[in-house]
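S.K.: Got a structure here, written out as structure tokens. Questions coming.
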Amino acid sequence: MKTPYLKSNNSYQSYFNRYYLALIPLIFYGLYKNIILNYQKASFIYLLKPLLLIIIGLGIGLLVEYLYQKFYLKKPFKEYNRFIPLYSLIICMVMPMDCNYLLLTLILFVAICFCKFFKLDTKVNVISLLLLILIVSLNLFNLNAYASNYETNLSLSYLNIFMGRSIGGTFTTSNFWCLVSFIILTTTPVYKKDIPFYIIITSIILMVIYSLISYDYNLWQLFLSGFTIFGAVFIAPQTLTSSYTKKGKIIYSVLIALLNFILMVFLHIYYGIFIAIFLVSLGNKIFDRKFVI
Amino acid sequence: MRYVSIKNEYDLKVSTYVTEFIDSEYIYVPINDFKTLKIKSNDYIYKEQELAQDVYAPVSGNILGIQDCVDAIDHKIQCLVIKNDGKERFKEVSLHKQKFNEYQKEEILNILHKYNLYFLDNIEENLVINAIEDDIYVANKVMLLEKKTDNILQTVDLLRKTLDLPKVYIVLKNNDANSVGKIINNIGRYPQIKLKLVPNYYGLEDNVNLQNFLFNAESNYSFLDVKDIIVIYNLLKKNRLTTKKYITISGLGVKKPKVINVKLGTLVSDVLKKVELKNDQEYKIIINGLMKGKYLNISKMIVTNDLESIFLMPKDNYLVQPCLNCGLCYECCPRNLNPKYLKNLPKIPKEYLERCNGCNLCSYVCPAKINLNLKEDC
């Protein structure tokens, strides 16, 4: 007997279950926003698109895992690593409803296979990397429009934007439901809740300072309608590539918030948080090494 | 630091009475240095007769010879075998010379020094009596408090007076309802002794952790275990060494878990005969608790001071997975160590090994079920 006979409830399974559970409010809100609200205006096939995104996300993740287990490890598909299906689901949730699904499927499949077989998931934040690859490649082909065909009213109040009425990823526009998901995730001790907390607090402090100095309040719109809160809650705290020491987590989070803020101010890009997470995740081991003991 | 409560997943409540087992046929007394032996084979020895340097007989009877045994941490030890006559005869009846509360500091220290007990020598300004049991299924200290409340309080009060201690605390877990109730009912007679209740957090049995939790690391507090208090009581009141100890026998393989008061030196296999065991499946024996314990072979094991509990449990079955990098082990470590980092070093620095108290909390909280106990490698 090498470990204690008693075991805590913390496990891989409970961690992933909590993650999937936390995604449910966002999925429901996405279905409500994109299906129920568009019911009168859109065709039936168009309304199936959000569901198709979920199926593609989970399907590709499971398929890659199956191929990896069956042909690479040559093991039966029983116990599998649940990271990859979760990653691909989160990626598809960020995608716009009107993207090219064939191209999305192809790029996602190839990119996830590459990450899986070269074990990139332990080295960099794979979700942010894959999202950047997808956004850049879909933009190259001009097939990436975040406003869906039926989103015409783009001048919304801050409250509406916060609640998720703005344009954006199919399932990620609601900051309110992101915060509800954050509360669900904090119930598992494995989730690094300090990271989203510090990112959001630092971002708000920077935004307030910037607004007071420059009298420019448009940045708040970009902050609320972009992916900052979704990225902070679901992508930045991915355990394998984020810091785990107390001070390391603070440095990791503050750097992400700072980089995201700089990208928002100077480049006005809504996906700055993905670039920030990807770059900072490359250095997470360095931050931890400083404070290991 | 994150404090962790151990989840109570098994119904292993011990019975409310203590079973006595002091008449084992053979008693095995560990001897460190056979050169100092003061008796021969076949000699009749009295209880508390000195057998070798600092080794006293726990029973009276005949010496049979020497035999190899193991202790609770599986170390091989050589023991003198005594055939217990069950009469508990003393060579000379030594009664205490004065009333219990008339002892002076020097007298108490001298009596303890006679038996190589030095735990009162460096008592600081304030004294804390630690009555916390970390393992949630072990009830030795709880039973000791329940059954010997008055003796414990009387001794603590004597120590307070003679050693001139301004503050004396008895610390208990707030979920030990019976012992808390018993102490509350009796502590009124000793107004200088304060009761402190702590939450059911794991690790507070360790004095360093308890000091960090209750006070600060630099404060002047000394800690004594409630078992030490009973040793002092027996020496001062009865002029007798403590030759028995409480052991919890529990687990899913035991019909009625209980605490047994057993003679030191009894064979563990004999102790197990005192409980009803289940035969519905194969059970493994775990020595010293479900958190810090190990599967050990008990065929030659004897009851020593470091044996606290015997558990019979089905073999555990879990899958070890790769590290999630969650940092929970680091967050929960009561000694502020980083088990994940240290475990991956080719050689763990001595400084950190010494700081680790082997509580196993890191391995308990690990979602990947990795063995992170630093002491395991030593």
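Chain labels run A, B, ... following the order of the structure tokens; each chain numbers its residues from 1, and ligands are numbered from 1 in the order shown.
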Provide as a PyMOL selection string the residues of chain A at most 9 Å from chain B, counting only C-alpha atoms.
M.R.: chain A and resi 1-15+189-192+238-246+292-293
S.K.: Write out as number ranges by chain which residues come within 7 Å of range 99-116 of chain B when counting only C-alpha atoms, dropping same-chain ones fewer than 2 positions away.
M.R.: B: 54, 118, 158, 162-163, 236-237
S.K.: Could the residues in this selection be written to a file with C-alpha atoms, as a PDB file, in the first residue's frame?
M.R.:
```
ATOM      1  CA  ASP B  54      15.861   0.890  31.311  1.00  0.00           C
ATOM      2  CA  TYR B 118      12.365  13.956  30.094  1.00  0.00           C
ATOM      3  CA  LEU B 158      -0.818  19.464  39.373  1.00  0.00           C
ATOM      4  CA  THR B 162       4.124  22.817  40.326  1.00  0.00           C
ATOM      5  CA  LEU B 163       5.616  24.079  37.069  1.00  0.00           C
ATOM      6  CA  LEU B 236       3.051   9.994  40.675  1.00  0.00           C
ATOM      7  CA  LYS B 237      -0.110   8.419  41.991  1.00  0.00           C
TER       8      LYS B 237
END
```
S.K.: Range 20-258 of chain A: which residues are helix (DSSP H, G or I) by DSSP, as an mmCIF file with C-alpha atoms, in the first residue's frame?
M.R.:
```cif
data_model
loop_
_atom_site.group_PDB
_atom_site.id
_atom_site.type_symbol
_atom_site.label_atom_id
_atom_site.label_comp_id
_atom_site.auth_asym_id
_atom_site.auth_seq_id
_atom_site.Cartn_x
_atom_site.Cartn_y
_atom_site.Cartn_z
ATOM 1 C CA TYR A 20 -18.879 19.544 -18.446
ATOM 2 C CA LEU A 21 -21.496 20.550 -15.876
ATOM 3 C CA ALA A 22 -20.182 24.111 -15.865
ATOM 4 C CA LEU A 23 -20.490 24.286 -19.663
ATOM 5 C CA ILE A 24 -24.199 23.363 -19.556
ATOM 6 C CA PRO A 25 -25.544 26.857 -18.640
ATOM 7 C CA LEU A 26 -23.581 28.351 -21.537
ATOM 8 C CA ILE A 27 -24.796 25.640 -23.926
ATOM 9 C CA PHE A 28 -28.409 26.240 -22.892
ATOM 10 C CA TYR A 29 -28.038 29.976 -23.245
ATOM 11 C CA GLY A 30 -26.400 29.517 -26.663
ATOM 12 C CA LEU A 31 -29.276 27.273 -27.798
ATOM 13 C CA TYR A 32 -31.819 29.788 -26.494
ATOM 14 C CA LYS A 33 -30.115 32.726 -28.168
ATOM 15 C CA ASN A 34 -29.443 31.022 -31.495
ATOM 16 C CA ILE A 35 -32.458 28.741 -31.834
ATOM 17 C CA ILE A 36 -35.410 30.037 -29.829
ATOM 18 C CA PHE A 44 -34.974 24.809 -39.774
ATOM 19 C CA ILE A 45 -31.572 23.675 -41.083
ATOM 20 C CA TYR A 46 -30.005 26.946 -39.949
ATOM 21 C CA LEU A 47 -31.383 26.395 -36.474
ATOM 22 C CA LYS A 49 -26.195 24.682 -36.590
ATOM 23 C CA PRO A 50 -25.553 25.267 -32.867
ATOM 24 C CA LEU A 51 -26.287 21.610 -32.156
ATOM 25 C CA LEU A 52 -23.992 20.646 -35.005
ATOM 26 C CA LEU A 53 -21.167 22.613 -33.360
ATOM 27 C CA ILE A 54 -21.579 20.659 -30.127
ATOM 28 C CA ILE A 55 -21.629 17.357 -32.033
ATOM 29 C CA ILE A 56 -18.512 18.298 -34.026
ATOM 30 C CA GLY A 57 -16.729 19.369 -30.840
ATOM 31 C CA LEU A 58 -17.401 16.227 -28.849
ATOM 32 C CA GLY A 59 -17.211 13.944 -31.899
ATOM 33 C CA ILE A 60 -13.769 15.046 -33.038
ATOM 34 C CA GLY A 61 -12.383 14.850 -29.507
ATOM 35 C CA LEU A 62 -13.679 11.327 -28.988
ATOM 36 C CA LEU A 63 -12.601 10.205 -32.465
ATOM 37 C CA VAL A 64 -9.034 11.420 -31.959
ATOM 38 C CA GLU A 65 -8.919 9.714 -28.539
ATOM 39 C CA TYR A 66 -10.291 6.505 -30.067
ATOM 40 C CA LEU A 67 -7.703 6.535 -32.884
ATOM 41 C CA TYR A 68 -4.922 7.291 -30.400
ATOM 42 C CA GLN A 69 -5.897 4.446 -28.076
ATOM 43 C CA LYS A 70 -6.673 1.921 -30.798
ATOM 44 C CA PHE A 71 -3.841 2.486 -33.264
ATOM 45 C CA TYR A 72 -1.112 4.280 -31.329
ATOM 46 C CA PHE A 83 -8.819 16.353 -21.931
ATOM 47 C CA ILE A 84 -9.088 16.209 -25.707
ATOM 48 C CA PRO A 85 -12.919 15.891 -25.995
ATOM 49 C CA LEU A 86 -13.222 18.749 -23.501
ATOM 50 C CA TYR A 87 -10.761 20.886 -25.438
ATOM 51 C CA SER A 88 -12.495 20.354 -28.766
ATOM 52 C CA LEU A 89 -15.920 21.024 -27.221
ATOM 53 C CA ILE A 90 -14.738 24.337 -25.758
ATOM 54 C CA ILE A 91 -13.152 25.275 -29.100
ATOM 55 C CA CYS A 92 -16.379 24.592 -31.002
ATOM 56 C CA MET A 93 -18.367 26.612 -28.461
ATOM 57 C CA VAL A 94 -16.217 29.635 -29.285
ATOM 58 C CA TYR A 101 -18.279 23.665 -40.899
ATOM 59 C CA LEU A 102 -16.323 21.482 -43.301
ATOM 60 C CA LEU A 103 -13.219 23.595 -42.948
ATOM 61 C CA LEU A 104 -13.713 23.795 -39.182
ATOM 62 C CA THR A 105 -13.978 19.998 -38.926
ATOM 63 C CA LEU A 106 -10.913 19.415 -41.067
ATOM 64 C CA ILE A 107 -8.692 21.975 -39.369
ATOM 65 C CA LEU A 108 -9.817 20.942 -35.897
ATOM 66 C CA PHE A 109 -9.264 17.252 -36.594
ATOM 67 C CA VAL A 110 -5.770 17.747 -38.015
ATOM 68 C CA ALA A 111 -4.786 20.224 -35.285
ATOM 69 C CA ILE A 112 -6.055 18.039 -32.438
ATOM 70 C CA CYS A 113 -4.335 14.959 -33.892
ATOM 71 C CA PHE A 114 -1.113 16.958 -34.079
ATOM 72 C CA CYS A 115 -1.447 18.120 -30.449
ATOM 73 C CA LYS A 116 -2.362 14.670 -29.207
ATOM 74 C CA PHE A 117 0.337 12.703 -30.996
ATOM 75 C CA LEU A 120 1.539 19.348 -26.890
ATOM 76 C CA ASP A 121 -1.213 19.441 -24.270
ATOM 77 C CA THR A 122 1.322 19.282 -21.459
ATOM 78 C CA VAL A 126 -3.744 23.755 -26.488
ATOM 79 C CA ILE A 127 -7.202 25.356 -26.468
ATOM 80 C CA SER A 128 -5.848 28.852 -27.033
ATOM 81 C CA LEU A 129 -3.373 27.587 -29.625
ATOM 82 C CA LEU A 130 -6.061 25.726 -31.592
ATOM 83 C CA LEU A 131 -8.446 28.660 -31.326
ATOM 84 C CA LEU A 132 -5.805 30.988 -32.757
ATOM 85 C CA ILE A 133 -5.105 28.530 -35.594
ATOM 86 C CA LEU A 134 -8.835 28.251 -36.360
ATOM 87 C CA ILE A 135 -9.590 31.972 -36.142
ATOM 88 C CA VAL A 136 -6.623 32.865 -38.346
ATOM 89 C CA SER A 137 -7.327 30.157 -40.937
ATOM 90 C CA LEU A 138 -11.072 30.835 -41.098
ATOM 91 C CA ASN A 139 -10.349 34.553 -41.426
ATOM 92 C CA LEU A 140 -7.906 33.821 -44.246
ATOM 93 C CA TYR A 158 -23.873 47.223 -21.257
ATOM 94 C CA LEU A 159 -26.346 45.074 -19.333
ATOM 95 C CA ASN A 160 -27.509 43.370 -22.537
ATOM 96 C CA ILE A 161 -23.933 42.769 -23.577
ATOM 97 C CA PHE A 162 -23.129 41.376 -20.124
ATOM 98 C CA MET A 163 -26.128 39.056 -20.284
ATOM 99 C CA ASN A 175 -20.665 36.815 -19.261
ATOM 100 C CA PHE A 176 -23.388 36.276 -16.695
ATOM 101 C CA TRP A 177 -23.568 32.553 -17.378
ATOM 102 C CA CYS A 178 -19.758 32.412 -17.518
ATOM 103 C CA LEU A 179 -19.711 33.687 -13.942
ATOM 104 C CA VAL A 180 -22.358 31.113 -12.950
ATOM 105 C CA SER A 181 -20.129 28.440 -14.515
ATOM 106 C CA PHE A 182 -17.203 29.837 -12.557
ATOM 107 C CA ILE A 183 -19.149 29.315 -9.324
ATOM 108 C CA ILE A 184 -19.906 25.719 -10.364
ATOM 109 C CA LEU A 185 -16.242 25.100 -11.118
ATOM 110 C CA ASP A 194 -7.488 32.042 -8.240
ATOM 111 C CA ILE A 195 -6.509 32.371 -11.902
ATOM 112 C CA PRO A 196 -9.875 33.611 -13.305
ATOM 113 C CA PHE A 197 -10.326 35.730 -10.198
ATOM 114 C CA TYR A 198 -6.991 37.517 -10.629
ATOM 115 C CA ILE A 199 -7.431 37.871 -14.408
ATOM 116 C CA ILE A 200 -10.860 39.470 -14.074
ATOM 117 C CA ILE A 201 -9.870 41.729 -11.178
ATOM 118 C CA THR A 202 -6.650 42.865 -12.889
ATOM 119 C CA SER A 203 -8.520 43.473 -16.151
ATOM 120 C CA ILE A 204 -11.162 45.560 -14.400
ATOM 121 C CA ILE A 205 -8.529 47.601 -12.544
ATOM 122 C CA LEU A 206 -6.637 48.271 -15.794
ATOM 123 C CA MET A 207 -9.859 49.192 -17.618
ATOM 124 C CA VAL A 208 -10.939 51.590 -14.854
ATOM 125 C CA ILE A 209 -7.535 53.292 -14.845
ATOM 126 C CA TYR A 210 -7.555 53.491 -18.647
ATOM 127 C CA SER A 211 -11.123 54.878 -18.743
ATOM 128 C CA LEU A 212 -10.316 57.511 -16.116
ATOM 129 C CA ILE A 213 -7.191 58.634 -17.975
ATOM 130 C CA SER A 214 -8.410 58.525 -21.567
ATOM 131 C CA ASN A 218 -15.554 51.794 -25.800
ATOM 132 C CA LEU A 219 -13.020 49.390 -24.401
ATOM 133 C CA TRP A 220 -15.634 48.168 -21.893
ATOM 134 C CA GLN A 221 -17.776 47.056 -24.808
ATOM 135 C CA LEU A 222 -14.867 45.095 -26.266
ATOM 136 C CA PHE A 223 -14.107 43.649 -22.833
ATOM 137 C CA LEU A 224 -17.681 42.482 -22.244
ATOM 138 C CA SER A 225 -18.466 41.294 -25.756
ATOM 139 C CA THR A 228 -12.051 37.779 -21.828
ATOM 140 C CA ILE A 229 -14.320 36.320 -19.149
ATOM 141 C CA PHE A 230 -14.919 33.048 -21.006
ATOM 142 C CA GLY A 231 -11.170 32.662 -21.564
ATOM 143 C CA ALA A 232 -10.408 33.509 -17.941
ATOM 144 C CA VAL A 233 -12.909 30.994 -16.581
ATOM 145 C CA PHE A 234 -12.505 28.055 -18.958
ATOM 146 C CA ILE A 235 -9.207 28.306 -20.817
ATOM 147 C CA THR A 239 -4.407 22.565 -15.037
ATOM 148 C CA LEU A 240 -1.645 21.095 -17.184
ATOM 149 C CA THR A 241 -0.339 24.386 -18.513
ATOM 150 C CA LYS A 246 0.394 30.759 -5.093
ATOM 151 C CA LYS A 247 2.742 33.451 -6.399
ATOM 152 C CA GLY A 248 3.106 31.685 -9.744
ATOM 153 C CA LYS A 249 -0.668 31.850 -10.222
ATOM 154 C CA ILE A 250 -0.673 35.589 -9.494
ATOM 155 C CA ILE A 251 2.108 36.275 -12.020
ATOM 156 C CA TYR A 252 0.462 34.001 -14.613
ATOM 157 C CA SER A 253 -2.921 35.726 -14.230
ATOM 158 C CA VAL A 254 -1.648 39.297 -14.077
ATOM 159 C CA LEU A 255 0.477 38.767 -17.190
ATOM 160 C CA ILE A 256 -2.515 37.359 -19.096
ATOM 161 C CA ALA A 257 -4.704 40.297 -18.048
ATOM 162 C CA LEU A 258 -1.993 42.806 -18.906
#
```
S.K.: Find the spatial neighbours of range 65-81 of chain B, counting only C-alpha atoms, within a cut-off of 8 Å - ignore same-chain residues fewer than 5 positions away - and output them as a PyMOL selection string.
M.R.: chain B and resi 26-32+41-42+287-288+296+300-304+306-307
S.K.: Taking only C-alpha atoms into account, which of A:Gly164, A:Ile286, A:Met95, A:Thr187 comes nearest Tyr271 in chain A?
M.R.: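 Among the listed residues, A:Met95 lies closest to Tyr271 in chain A.
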S.K.: For a quick check of understanding, using only C-alpha atoms, which of B:Leu252, B:Cys356, B:Leu224, B:Val138 has the smallest distance to Ile170 in chain B?
M.R.: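 Closest residue, counting only C-alpha atoms: B:Leu224.
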S.K.: Assign secondary structure with DSSP using the backbone only, and return the residues of range 97-215 of chain B in strand (DSSP E or B) as a list of chain:residue names.
M.R.: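 Assigned to strand (DSSP E or B), within range 97-215 of chain B: B:Asn126, B:Leu127, B:Val128, B:Ile129, B:Asn130, B:Lys167, B:Val168, B:Tyr169, B:Ile170, B:Val171, B:Leu172, B:Lys173, B:Ile193, B:Lys194, B:Leu195, B:Lys196, B:Leu197, B:Val198.
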S.K.: Keeping only C-alpha atoms, write the selected residues as a short mmCIF file (atom, residue, chain, number, x, y, z; two decimals), in the first residue's frame.
M.R.:
```
data_model
loop_
_atom_site.label_atom_id
_atom_site.label_comp_id
_atom_site.auth_asym_id
_atom_site.auth_seq_id
_atom_site.Cartn_x
_atom_site.Cartn_y
_atom_site.Cartn_z
CA ASN B 126 2.22 27.76 28.40
CA LEU B 127 1.21 24.13 28.17
CA VAL B 128 -1.10 22.52 25.64
CA ILE B 129 -2.42 18.99 26.15
CA ASN B 130 -3.01 17.56 22.69
CA LYS B 167 -1.95 29.02 30.80
CA VAL B 168 -2.87 25.39 30.32
CA TYR B 169 -5.12 24.21 27.50
CA ILE B 170 -6.67 20.87 26.65
CA VAL B 171 -7.28 20.72 22.92
CA LEU B 172 -9.96 18.47 21.45
CA LYS B 173 -11.75 18.08 18.15
CA ILE B 193 -7.46 24.73 32.79
CA LYS B 194 -9.01 25.94 29.55
CA LEU B 195 -10.68 23.77 26.95
CA LYS B 196 -10.00 24.57 23.30
CA LEU B 197 -12.03 22.96 20.55
CA VAL B 198 -10.67 22.75 17.02
#
```
